[in-house]
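Enquirer: Submitted below is the structure of interest, expressed as structure tokens.
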Amino acid sequence: MPFAIEIKQVHKRFGSLRALGGISLEIPQGEFFGLLGPNGAGKTTLISILAGLARADSGELRVMGYDVVSQYRHARRRIGVVPQELVFDPFFTVRETLRIQSGYFGLRDNDAWIDEIIERLDLTDKAGANMRQLSGGMKRRVLVAQALVHRPPVIILDEPTAGVDVELRQGLWHFVRELNQAGHTVVLTTHYLEEAEALCSRIAMLKQGVIVALDTTRNLLRQVAGVRLRLRLAPDRLPAALGTKLIGADEDSRVLALDSYAQIESVLADLRAESIQVQELEVLQADLEDVFVQVMRRH
Amino acid sequence: MPGFWTLLHKELLRFWKVSFQTIAAPVLSALLYLLIFSHALESRVQVFPNVPYTSFLIPGLAMMSLLQNAFANSSSSLIQSKVTGNIIFVLLTPLAPLEIFAAYVLAAAVRGVVVALGVLLVTSVFAPVSVQHPLWALAFAVLGGGIMGALGIVAGIWADKFDQLAAFQNFIIVPLTFLAGVFYSVQSLPVFWQHASHLNPFFYMIDGFRYGFFSAADVSPGVSVTVVGGFLIALSALGLWLLQAGYKLRH
């Protein structure tokens with residue numbers, strides 16, 4: 001079975017700017033994959049090259065086994081991209097837009113599926129409305145619908161929830177999760193790291209055009225961030241030995257960063273040695289934001 | 001090929017939905033030219049024997065409108081899609097460069113021909129016009145529309161902004177069509193300007209089209225169709241190459 005997406009040593013420059021510096025990545029079919037990174041990391045450039053909107057200087061990219069340049073017709077039939085920019089054609093209604101997009105892929109009599117995605121994305125009331133009349137959130141839904149109109153096995157969502165209200169966000173994730181469970185491979189870029197943490201089984205982090213972390217979400221959370229300990233102490237002071245572990249403090253508590261659970265015992269021993277009582281203790285799980293910040297700092 | 005038909009259909013719908021601006025307006029402009037020029041020159045100018053000046057003007061105006069509107073169609077569609085970003089809806093699809101090219105060119109030619117028919121229909125009220133060689137007239141109409149559709153693609157791909165496209169239209173297309181013998185026969189010009197006019201490819205389109213109506217022209221229709229056909233092939237090759245290379249489209 002070919003990979004849903006296979007990327008080998010992809011380089012891309014825009015003038016003197018290195019956008020991608022040798023990206024290699026394999027995404028198996030059926031995965032919900034996250035592509036994270038700060039602005040300008042190269043996420044959108046990579047997606048654009050996969051979708052044929054840009055061309056790599058060197059390297060090889062395949063979608064479901066098809067080369068995106070030499071076999072572009074096959075590759076593009078198998079990929080649906082929700083672009084980051086809120087673009088639309090002001091001449092057409094929602095339904096016309098979807099029918100036209102469907103026709104570009106050679107699909108006639110696709111109305112049953114179009115009706116279904118219109119309904120699933122809560123666009124039924126707006127199906128006859130001109131694109132110009134829609135709010136930003138509604139336009140975003142149409143972009144998602146356009147990406148799905150040819151039932152691509154691989155779906156790429158480039159920051160699909162930027163500027164979108166909570167209701168749509170939840171509805172969209174519910175729908176995308178269902179698609180993933182039905183076997184579609186989903187690649188997501190987002191700045192909402194809690195979304196990536198909740199949805200993606202594996203994550204790549206990009207910085208300045210190179211992959212700086214690539215692992216399952218669970219491993220990333222486990223390996224990179226360690227454990228954080230929130231303590232309320234009496235008296236409210238910290239032994240000097242623990243000073244290096246302090247990463248935050250608020251009115252009445254302090255937060256320590258530990259490498260592992262095993263260090264909790266030695267922290268308590270240090271406190272006992274100076275007769276400091278623990279009034280409250282909370283073990284905080286690292287979240288993806290902590291991982292992201294650490295990874296970006298390290299590279 | 002169904003993807004091609006969809007893109008063609010979309011491009012036709014695009015101008016049809018705003019037909020007041022894309023068809024009615026150029027027909028009105030041509031009618032105004034006819035009324036003004038024929039009023040001023042009818043009694044003073046006779047280009048071909050037994051052809052009143054107003055009748056002489058009509059095919060030229062129809063062809064000029066055809067050329068300008070065919071160019072406007074493909075070029076404005078492309079630049080709008082590029083500037084607003086919705087060009088990606090076409091670029092993300094499996095459509096081949098040839099399919100994209102053919103759909104834009106055909107839609108442009110259709111708009112040009114519809115406008116020309118409108119001009120002929122409205123202006124024929126003011127002067128008798130008979131088509132002596134309908135096939136020649138049709139051939140030049142289709143070739144002219146195709147050339148301008150292809151040129152519109154080249155300009156639409158090249159231009160990054162609306163004002164660059166407007167400059168292309170106002171400083172190249174409009175002067176070349178106006179100076180192509182719409183309002184006069186180039187044989188009435190001084191020798192130098194006669195030769196200069198023969199370097200203008202638009203002249204052959206209008207002259208050949210007019211031959212279809214009056215069985216009279218400045219150069220033979222065989223020469224005109226050769227020049228026009230060659231021009232179409234060259235521009236099509238350029239347009240296709242730009243699409244194939246993804247110039248200014250696929251970065």
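Labels for the structure tokens follow display order: chains A, B, ..., residues from 1 in each chain, ligands from 1.
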Show me, as CSV, the residues of range 60-165 of chain B having an atom within 12 Å of range 228-248 of chain B, each with the closest atom pair and its distance in Å, using only C-alpha atoms.

Expert:
```
residue,atom,partner,partner_atom,distance
B:Ser74,CA,B:Gly239,CA,11.5
B:Ser75,CA,B:Gly239,CA,11.7
B:Leu78,CA,B:Lys248,CA,11.4
B:Ile79,CA,B:Lys248,CA,11.1
B:Lys82,CA,B:Lys248,CA,9.2
B:Val83,CA,B:Lys248,CA,11.6
B:Ile87,CA,B:Lys248,CA,11.4
B:Val90,CA,B:Leu243,CA,11.9
B:Leu91,CA,B:Gly246,CA,9.5
B:Leu95,CA,B:Leu243,CA,11.1
B:Ala96,CA,B:Gln244,CA,8.4
B:Pro97,CA,B:Leu243,CA,5.5
B:Leu98,CA,B:Leu240,CA,6.6
B:Glu99,CA,B:Leu240,CA,9.8
B:Ile100,CA,B:Leu243,CA,8.2
B:Phe101,CA,B:Leu240,CA,6.5
B:Ala102,CA,B:Leu240,CA,9.3
B:Tyr104,CA,B:Gly239,CA,10.7
B:Val105,CA,B:Ser236,CA,9.2
B:Ala139,CA,B:Gly229,CA,10.1
B:Phe140,CA,B:Val228,CA,8.1
B:Ala141,CA,B:Val228,CA,10.7
B:Val142,CA,B:Gly229,CA,10.6
B:Leu143,CA,B:Val228,CA,7.0
B:Gly144,CA,B:Val228,CA,7.5
B:Gly145,CA,B:Leu232,CA,9.7
B:Gly146,CA,B:Leu232,CA,6.9
B:Ile147,CA,B:Leu232,CA,5.0
B:Met148,CA,B:Leu232,CA,8.6
B:Gly149,CA,B:Ser236,CA,9.2
B:Ala150,CA,B:Ser236,CA,5.8
B:Leu151,CA,B:Leu235,CA,6.4
B:Gly152,CA,B:Gly239,CA,9.0
B:Ile153,CA,B:Gly239,CA,6.3
B:Val154,CA,B:Gly239,CA,5.3
B:Ala155,CA,B:Gly239,CA,9.1
B:Gly156,CA,B:Lys248,CA,10.0
B:Ile157,CA,B:Lys248,CA,6.5
B:Trp158,CA,B:Lys248,CA,7.0
B:Ala159,CA,B:Lys248,CA,8.9
B:Asp160,CA,B:Lys248,CA,8.4
```

Enquirer: What does the file look like for those residues with N, CA and C atoms, as a compact mmCIF listing (two decimals), in the first residue's frame?

Expert:
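Output file selection21.txt follows:
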```txt
# COMPACT_ATOMS: atom_id res chain seq x y z
N SER B 74 -10.68 37.00 -21.78
CA SER B 74 -9.71 36.09 -21.16
C SER B 74 -8.76 36.84 -20.23
N SER B 75 -8.35 38.05 -20.63
CA SER B 75 -7.38 38.76 -19.79
C SER B 75 -8.01 39.17 -18.46
N LEU B 78 -8.54 36.16 -16.10
CA LEU B 78 -7.31 35.67 -15.49
C LEU B 78 -6.79 36.63 -14.42
N ILE B 79 -6.76 37.92 -14.75
CA ILE B 79 -6.18 38.85 -13.76
C ILE B 79 -7.06 38.92 -12.52
N LYS B 82 -6.34 35.89 -10.53
CA LYS B 82 -5.03 35.96 -9.90
C LYS B 82 -5.03 36.90 -8.71
N VAL B 83 -5.62 38.09 -8.91
CA VAL B 83 -5.58 39.10 -7.85
C VAL B 83 -6.42 38.65 -6.65
N ILE B 87 -7.88 31.77 -8.62
CA ILE B 87 -7.25 30.99 -9.70
C ILE B 87 -6.86 29.59 -9.17
N VAL B 90 -8.82 26.48 -10.16
CA VAL B 90 -8.49 25.84 -11.44
C VAL B 90 -7.14 25.12 -11.32
N LEU B 91 -6.19 25.75 -10.65
CA LEU B 91 -4.84 25.17 -10.59
C LEU B 91 -4.79 23.89 -9.76
N LEU B 95 -6.92 19.56 -14.57
CA LEU B 95 -6.99 20.16 -15.92
C LEU B 95 -5.59 20.35 -16.51
N ALA B 96 -5.43 19.92 -17.77
CA ALA B 96 -4.14 20.06 -18.45
C ALA B 96 -4.01 21.49 -18.99
N PRO B 97 -2.77 21.96 -19.21
CA PRO B 97 -2.59 23.31 -19.75
C PRO B 97 -3.39 23.52 -21.04
N LEU B 98 -3.43 22.53 -21.89
CA LEU B 98 -4.16 22.67 -23.16
C LEU B 98 -5.66 22.87 -22.91
N GLU B 99 -6.20 22.16 -21.93
CA GLU B 99 -7.63 22.30 -21.62
C GLU B 99 -7.92 23.71 -21.09
N ILE B 100 -7.05 24.19 -20.20
CA ILE B 100 -7.24 25.53 -19.64
C ILE B 100 -7.16 26.56 -20.76
N PHE B 101 -6.14 26.41 -21.60
CA PHE B 101 -5.94 27.35 -22.71
C PHE B 101 -7.15 27.35 -23.63
N ALA B 102 -7.58 26.17 -24.04
CA ALA B 102 -8.68 26.08 -25.02
C ALA B 102 -9.97 26.65 -24.44
N TYR B 104 -10.38 29.02 -22.10
CA TYR B 104 -10.33 30.49 -22.04
C TYR B 104 -10.43 31.10 -23.43
N VAL B 105 -9.72 30.51 -24.40
CA VAL B 105 -9.71 31.06 -25.76
C VAL B 105 -11.11 30.95 -26.39
N ALA B 139 -14.66 32.85 -40.87
CA ALA B 139 -13.29 32.40 -40.60
C ALA B 139 -12.48 33.49 -39.90
N PHE B 140 -12.59 34.73 -40.41
CA PHE B 140 -11.83 35.82 -39.78
C PHE B 140 -12.36 36.16 -38.40
N ALA B 141 -13.69 36.03 -38.22
CA ALA B 141 -14.26 36.30 -36.90
C ALA B 141 -13.71 35.29 -35.88
N VAL B 142 -13.72 34.03 -36.26
CA VAL B 142 -13.28 32.99 -35.33
C VAL B 142 -11.77 33.09 -35.07
N LEU B 143 -11.00 33.31 -36.16
CA LEU B 143 -9.55 33.43 -35.99
C LEU B 143 -9.20 34.66 -35.14
N GLY B 144 -9.88 35.76 -35.43
CA GLY B 144 -9.62 37.01 -34.69
C GLY B 144 -9.95 36.83 -33.22
N GLY B 145 -11.11 36.20 -32.95
CA GLY B 145 -11.49 35.95 -31.56
C GLY B 145 -10.49 35.04 -30.87
N GLY B 146 -10.01 34.03 -31.59
CA GLY B 146 -9.03 33.10 -31.03
C GLY B 146 -7.72 33.80 -30.73
N ILE B 147 -7.26 34.61 -31.66
CA ILE B 147 -6.00 35.35 -31.45
C ILE B 147 -6.09 36.23 -30.21
N MET B 148 -7.21 36.97 -30.13
CA MET B 148 -7.31 37.90 -29.01
C MET B 148 -7.53 37.18 -27.69
N GLY B 149 -8.21 36.04 -27.76
CA GLY B 149 -8.35 35.22 -26.55
C GLY B 149 -6.99 34.74 -26.08
N ALA B 150 -6.16 34.30 -27.03
CA ALA B 150 -4.82 33.81 -26.69
C ALA B 150 -3.95 34.97 -26.17
N LEU B 151 -4.06 36.13 -26.83
CA LEU B 151 -3.29 37.29 -26.39
C LEU B 151 -3.74 37.71 -24.98
N GLY B 152 -5.04 37.60 -24.74
CA GLY B 152 -5.59 37.92 -23.41
C GLY B 152 -5.02 36.99 -22.34
N ILE B 153 -4.83 35.73 -22.70
CA ILE B 153 -4.23 34.79 -21.74
C ILE B 153 -2.80 35.21 -21.42
N VAL B 154 -2.05 35.53 -22.46
CA VAL B 154 -0.65 35.94 -22.27
C VAL B 154 -0.59 37.18 -21.38
N ALA B 155 -1.44 38.18 -21.72
CA ALA B 155 -1.42 39.43 -20.95
C ALA B 155 -1.92 39.19 -19.52
N GLY B 156 -2.95 38.38 -19.39
CA GLY B 156 -3.52 38.10 -18.06
C GLY B 156 -2.53 37.36 -17.17
N ILE B 157 -1.73 36.49 -17.76
CA ILE B 157 -0.72 35.77 -16.98
C ILE B 157 0.42 36.72 -16.62
N TRP B 158 0.82 37.54 -17.60
CA TRP B 158 1.95 38.44 -17.39
C TRP B 158 1.65 39.52 -16.35
N ALA B 159 0.46 40.10 -16.42
CA ALA B 159 0.15 41.25 -15.56
C ALA B 159 -0.02 40.81 -14.11
N ASP B 160 0.57 41.60 -13.20
CA ASP B 160 0.40 41.31 -11.78
C ASP B 160 -0.71 42.16 -11.18
```

Enquirer: Mind listing as a ChimeraX atom specification which residues of chain B are within 9 Å of chain A, counting only C-alpha atoms?

Expert: /B:1-7,9-10,13-14,17-18,81,84-96,246,249-251

Enquirer: Just the selected residues (N, CA and C atoms), exported as a PDB file, in the first residue's frame, please.

Expert:
```
ATOM      1  N   MET B   1     -12.101  14.788 -21.031  1.00  0.00           N
ATOM      2  CA  MET B   1     -12.359  16.163 -21.500  1.00  0.00           C
ATOM      3  C   MET B   1     -13.454  16.908 -20.716  1.00  0.00           C
ATOM      4  N   PRO B   2     -14.211  16.241 -19.808  1.00  0.00           N
ATOM      5  CA  PRO B   2     -15.308  16.981 -19.165  1.00  0.00           C
ATOM      6  C   PRO B   2     -14.836  18.191 -18.371  1.00  0.00           C
ATOM      7  N   GLY B   3     -13.627  18.126 -17.808  1.00  0.00           N
ATOM      8  CA  GLY B   3     -13.114  19.267 -17.063  1.00  0.00           C
ATOM      9  C   GLY B   3     -13.029  20.506 -17.946  1.00  0.00           C
ATOM     10  N   PHE B   4     -12.612  20.284 -19.195  1.00  0.00           N
ATOM     11  CA  PHE B   4     -12.537  21.386 -20.157  1.00  0.00           C
ATOM     12  C   PHE B   4     -13.916  22.019 -20.362  1.00  0.00           C
ATOM     13  N   TRP B   5     -14.945  21.171 -20.530  1.00  0.00           N
ATOM     14  CA  TRP B   5     -16.287  21.706 -20.770  1.00  0.00           C
ATOM     15  C   TRP B   5     -16.775  22.513 -19.582  1.00  0.00           C
ATOM     16  N   THR B   6     -16.438  22.066 -18.393  1.00  0.00           N
ATOM     17  CA  THR B   6     -16.858  22.806 -17.199  1.00  0.00           C
ATOM     18  C   THR B   6     -16.196  24.184 -17.165  1.00  0.00           C
ATOM     19  N   LEU B   7     -14.903  24.219 -17.450  1.00  0.00           N
ATOM     20  CA  LEU B   7     -14.202  25.509 -17.428  1.00  0.00           C
ATOM     21  C   LEU B   7     -14.753  26.432 -18.526  1.00  0.00           C
ATOM     22  N   HIS B   9     -17.790  26.332 -19.772  1.00  0.00           N
ATOM     23  CA  HIS B   9     -19.122  26.718 -19.309  1.00  0.00           C
ATOM     24  C   HIS B   9     -19.010  27.836 -18.266  1.00  0.00           C
ATOM     25  N   LYS B  10     -18.063  27.670 -17.340  1.00  0.00           N
ATOM     26  CA  LYS B  10     -17.881  28.678 -16.293  1.00  0.00           C
ATOM     27  C   LYS B  10     -17.467  30.024 -16.896  1.00  0.00           C
ATOM     28  N   LEU B  13     -20.484  31.552 -18.552  1.00  0.00           N
ATOM     29  CA  LEU B  13     -21.406  32.072 -17.535  1.00  0.00           C
ATOM     30  C   LEU B  13     -20.901  33.385 -16.957  1.00  0.00           C
ATOM     31  N   ARG B  14     -19.585  33.438 -16.791  1.00  0.00           N
ATOM     32  CA  ARG B  14     -18.961  34.591 -16.160  1.00  0.00           C
ATOM     33  C   ARG B  14     -19.293  35.882 -16.922  1.00  0.00           C
ATOM     34  N   LYS B  17     -23.402  36.466 -17.151  1.00  0.00           N
ATOM     35  CA  LYS B  17     -24.060  36.978 -15.943  1.00  0.00           C
ATOM     36  C   LYS B  17     -23.968  38.506 -15.846  1.00  0.00           C
ATOM     37  N   VAL B  18     -22.983  39.078 -16.517  1.00  0.00           N
ATOM     38  CA  VAL B  18     -22.861  40.548 -16.510  1.00  0.00           C
ATOM     39  C   VAL B  18     -22.922  41.046 -17.951  1.00  0.00           C
ATOM     40  N   SER B  81      -8.911  36.507 -11.322  1.00  0.00           N
ATOM     41  CA  SER B  81      -8.683  35.270 -10.567  1.00  0.00           C
ATOM     42  C   SER B  81      -7.341  35.301  -9.860  1.00  0.00           C
ATOM     43  N   THR B  84      -7.594  38.066  -6.921  1.00  0.00           N
ATOM     44  CA  THR B  84      -8.441  37.643  -5.797  1.00  0.00           C
ATOM     45  C   THR B  84      -7.988  36.293  -5.238  1.00  0.00           C
ATOM     46  N   GLY B  85      -7.180  35.566  -5.988  1.00  0.00           N
ATOM     47  CA  GLY B  85      -6.643  34.295  -5.485  1.00  0.00           C
ATOM     48  C   GLY B  85      -7.463  33.087  -5.889  1.00  0.00           C
ATOM     49  N   ASN B  86      -8.659  33.315  -6.499  1.00  0.00           N
ATOM     50  CA  ASN B  86      -9.476  32.132  -6.796  1.00  0.00           C
ATOM     51  C   ASN B  86      -8.985  31.348  -8.020  1.00  0.00           C
ATOM     52  N   ILE B  87      -7.882  31.766  -8.622  1.00  0.00           N
ATOM     53  CA  ILE B  87      -7.253  30.988  -9.696  1.00  0.00           C
ATOM     54  C   ILE B  87      -6.864  29.594  -9.174  1.00  0.00           C
ATOM     55  N   ILE B  88      -6.672  29.490  -7.867  1.00  0.00           N
ATOM     56  CA  ILE B  88      -6.274  28.175  -7.321  1.00  0.00           C
ATOM     57  C   ILE B  88      -7.337  27.118  -7.561  1.00  0.00           C
ATOM     58  N   PHE B  89      -8.605  27.534  -7.664  1.00  0.00           N
ATOM     59  CA  PHE B  89      -9.659  26.538  -7.881  1.00  0.00           C
ATOM     60  C   PHE B  89      -9.445  25.805  -9.210  1.00  0.00           C
ATOM     61  N   VAL B  90      -8.817  26.485 -10.163  1.00  0.00           N
ATOM     62  CA  VAL B  90      -8.488  25.841 -11.445  1.00  0.00           C
ATOM     63  C   VAL B  90      -7.144  25.115 -11.324  1.00  0.00           C
ATOM     64  N   LEU B  91      -6.187  25.749 -10.655  1.00  0.00           N
ATOM     65  CA  LEU B  91      -4.839  25.173 -10.591  1.00  0.00           C
ATOM     66  C   LEU B  91      -4.785  23.887  -9.760  1.00  0.00           C
ATOM     67  N   LEU B  92      -5.716  23.727  -8.831  1.00  0.00           N
ATOM     68  CA  LEU B  92      -5.720  22.525  -7.980  1.00  0.00           C
ATOM     69  C   LEU B  92      -6.301  21.301  -8.691  1.00  0.00           C
ATOM     70  N   THR B  93      -6.861  21.517  -9.866  1.00  0.00           N
ATOM     71  CA  THR B  93      -7.572  20.424 -10.539  1.00  0.00           C
ATOM     72  C   THR B  93      -6.651  19.675 -11.510  1.00  0.00           C
ATOM     73  N   PRO B  94      -7.112  18.529 -12.011  1.00  0.00           N
ATOM     74  CA  PRO B  94      -6.278  17.793 -12.981  1.00  0.00           C
ATOM     75  C   PRO B  94      -6.325  18.383 -14.389  1.00  0.00           C
ATOM     76  N   LEU B  95      -6.918  19.557 -14.573  1.00  0.00           N
ATOM     77  CA  LEU B  95      -6.990  20.163 -15.916  1.00  0.00           C
ATOM     78  C   LEU B  95      -5.591  20.345 -16.511  1.00  0.00           C
ATOM     79  N   ALA B  96      -5.430  19.921 -17.769  1.00  0.00           N
ATOM     80  CA  ALA B  96      -4.140  20.062 -18.450  1.00  0.00           C
ATOM     81  C   ALA B  96      -4.011  21.492 -18.994  1.00  0.00           C
ATOM     82  N   GLY B 246       3.921  27.219 -15.922  1.00  0.00           N
ATOM     83  CA  GLY B 246       3.364  27.750 -14.673  1.00  0.00           C
ATOM     84  C   GLY B 246       3.825  29.172 -14.391  1.00  0.00           C
ATOM     85  N   LEU B 249       2.046  31.627 -12.231  1.00  0.00           N
ATOM     86  CA  LEU B 249       0.845  30.944 -11.741  1.00  0.00           C
ATOM     87  C   LEU B 249       1.201  29.910 -10.675  1.00  0.00           C
ATOM     88  N   ARG B 250       2.162  29.045 -11.042  1.00  0.00           N
ATOM     89  CA  ARG B 250       2.612  28.028 -10.079  1.00  0.00           C
ATOM     90  C   ARG B 250       4.028  28.426  -9.664  1.00  0.00           C
ATOM     91  N   HIS B 251       4.156  28.943  -8.453  1.00  0.00           N
ATOM     92  CA  HIS B 251       5.408  29.604  -8.055  1.00  0.00           C
ATOM     93  C   HIS B 251       6.518  28.618  -7.718  1.00  0.00           C
TER      94      HIS B 251
END
```

Enquirer: Hey, what does DSSP flag as helix (DSSP H, G or I) within range 70-247 of chain B? Can you give it to me as a ChimeraX atom specification?

Expert: /B:70-84,88-91,97-123,134-158,162-178,186-188,191-198,201-214,221-245

Enquirer: Take CA of Pro175 in chain B and CA of Ser224 in chain B and report the distance between them in Å, one decimal.

Expert: 19.7 Å

Enquirer: Please provide as a ChimeraX atom specification all residues within 10 Å of range 208-223 of chain A, with the sequence filter that same-chain residues fewer than 4 positions apart are discarded (counting only C-alpha atoms).

Expert: /A:10-13,17-25,33-43,45-46,196-204,227,259-260,285-292,295-296,298-299

Enquirer: What is the distance, in Å and to one decimal place, between CA of Leu67 in chain B and CA of Arg44 in chain B?

Expert: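 Taking CA of Leu67 in chain B as the start and CA of Arg44 in chain B as the end point, the length is 27.8 Å.
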
Enquirer: Just the residues within 12 Å of Leu179 in chain B, please, counting only C-alpha atoms, with nothing from its chain fewer than 4 positions along; format it as a PyMOL selection string.

Expert: chain B and resi 60+64+172-175+183-186+189+193-194+196-204+206-207

Enquirer: For CA of Glu6 in chain A and CA of Val68 in chain A, quote the distance in Å rounded to one decimal.

Expert: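 Separation of CA of Glu6 in chain A and CA of Val68 in chain A: 10.2 Å.
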
Enquirer: Among the residues of range 47-93 of chain A, find those DSSP assigns to strand (DSSP E or B) from the backbone and print them as a VMD selection string.

Expert: chain A and resid 58 to 63 66 to 67 79 to 82 93

Enquirer: Write out as a list in words each polymer residue whose atoms come within 8 Å of range 254-257 of chain A, counting only C-alpha atoms; drop sequence neighbours fewer than 4 positions from it.

Expert: Gly226, Val227, Arg228, Leu229, Arg230, Leu231, Arg232, Lys245, Leu246, Ile247, Gly248, Ala249 and Asp250 of chain A

Enquirer: Those residues you just picked out, can you put them in a file as a PDB file, in the first residue's frame with N, CA and C atoms?

Expert:
```
ATOM      1  N   GLY A 226       8.685  16.658  29.782  1.00  0.00           N
ATOM      2  CA  GLY A 226       8.876  16.301  31.181  1.00  0.00           C
ATOM      3  C   GLY A 226       7.615  16.537  31.995  1.00  0.00           C
ATOM      4  N   VAL A 227       7.803  16.894  33.276  1.00  0.00           N
ATOM      5  CA  VAL A 227       6.668  17.060  34.191  1.00  0.00           C
ATOM      6  C   VAL A 227       6.770  18.441  34.810  1.00  0.00           C
ATOM      7  N   ARG A 228       5.609  19.040  35.073  1.00  0.00           N
ATOM      8  CA  ARG A 228       5.642  20.315  35.804  1.00  0.00           C
ATOM      9  C   ARG A 228       4.903  20.133  37.126  1.00  0.00           C
ATOM     10  N   LEU A 229       5.431  20.799  38.119  1.00  0.00           N
ATOM     11  CA  LEU A 229       4.903  20.645  39.469  1.00  0.00           C
ATOM     12  C   LEU A 229       4.495  22.022  40.001  1.00  0.00           C
ATOM     13  N   ARG A 230       3.179  22.139  40.350  1.00  0.00           N
ATOM     14  CA  ARG A 230       2.754  23.406  40.964  1.00  0.00           C
ATOM     15  C   ARG A 230       2.688  23.196  42.485  1.00  0.00           C
ATOM     16  N   LEU A 231       3.372  24.090  43.223  1.00  0.00           N
ATOM     17  CA  LEU A 231       3.469  23.925  44.677  1.00  0.00           C
ATOM     18  C   LEU A 231       3.032  25.192  45.405  1.00  0.00           C
ATOM     19  N   ARG A 232       2.241  24.972  46.516  1.00  0.00           N
ATOM     20  CA  ARG A 232       1.981  26.104  47.427  1.00  0.00           C
ATOM     21  C   ARG A 232       2.711  25.763  48.728  1.00  0.00           C
ATOM     22  N   LYS A 245      15.100  24.949  38.748  1.00  0.00           N
ATOM     23  CA  LYS A 245      13.941  24.254  38.170  1.00  0.00           C
ATOM     24  C   LYS A 245      12.711  25.153  38.056  1.00  0.00           C
ATOM     25  N   LEU A 246      12.807  26.338  38.675  1.00  0.00           N
ATOM     26  CA  LEU A 246      11.642  27.236  38.699  1.00  0.00           C
ATOM     27  C   LEU A 246      11.372  27.809  37.304  1.00  0.00           C
ATOM     28  N   ILE A 247      10.142  27.614  36.836  1.00  0.00           N
ATOM     29  CA  ILE A 247       9.820  28.208  35.525  1.00  0.00           C
ATOM     30  C   ILE A 247       8.675  29.208  35.600  1.00  0.00           C
ATOM     31  N   GLY A 248       8.049  29.311  36.780  1.00  0.00           N
ATOM     32  CA  GLY A 248       6.963  30.283  36.874  1.00  0.00           C
ATOM     33  C   GLY A 248       6.485  30.399  38.298  1.00  0.00           C
ATOM     34  N   ALA A 249       5.821  31.517  38.568  1.00  0.00           N
ATOM     35  CA  ALA A 249       5.265  31.713  39.905  1.00  0.00           C
ATOM     36  C   ALA A 249       4.080  32.644  39.792  1.00  0.00           C
ATOM     37  N   ASP A 250       3.079  32.413  40.623  1.00  0.00           N
ATOM     38  CA  ASP A 250       2.012  33.423  40.702  1.00  0.00           C
ATOM     39  C   ASP A 250       1.846  33.823  42.164  1.00  0.00           C
TER      40      ASP A 250
END
```
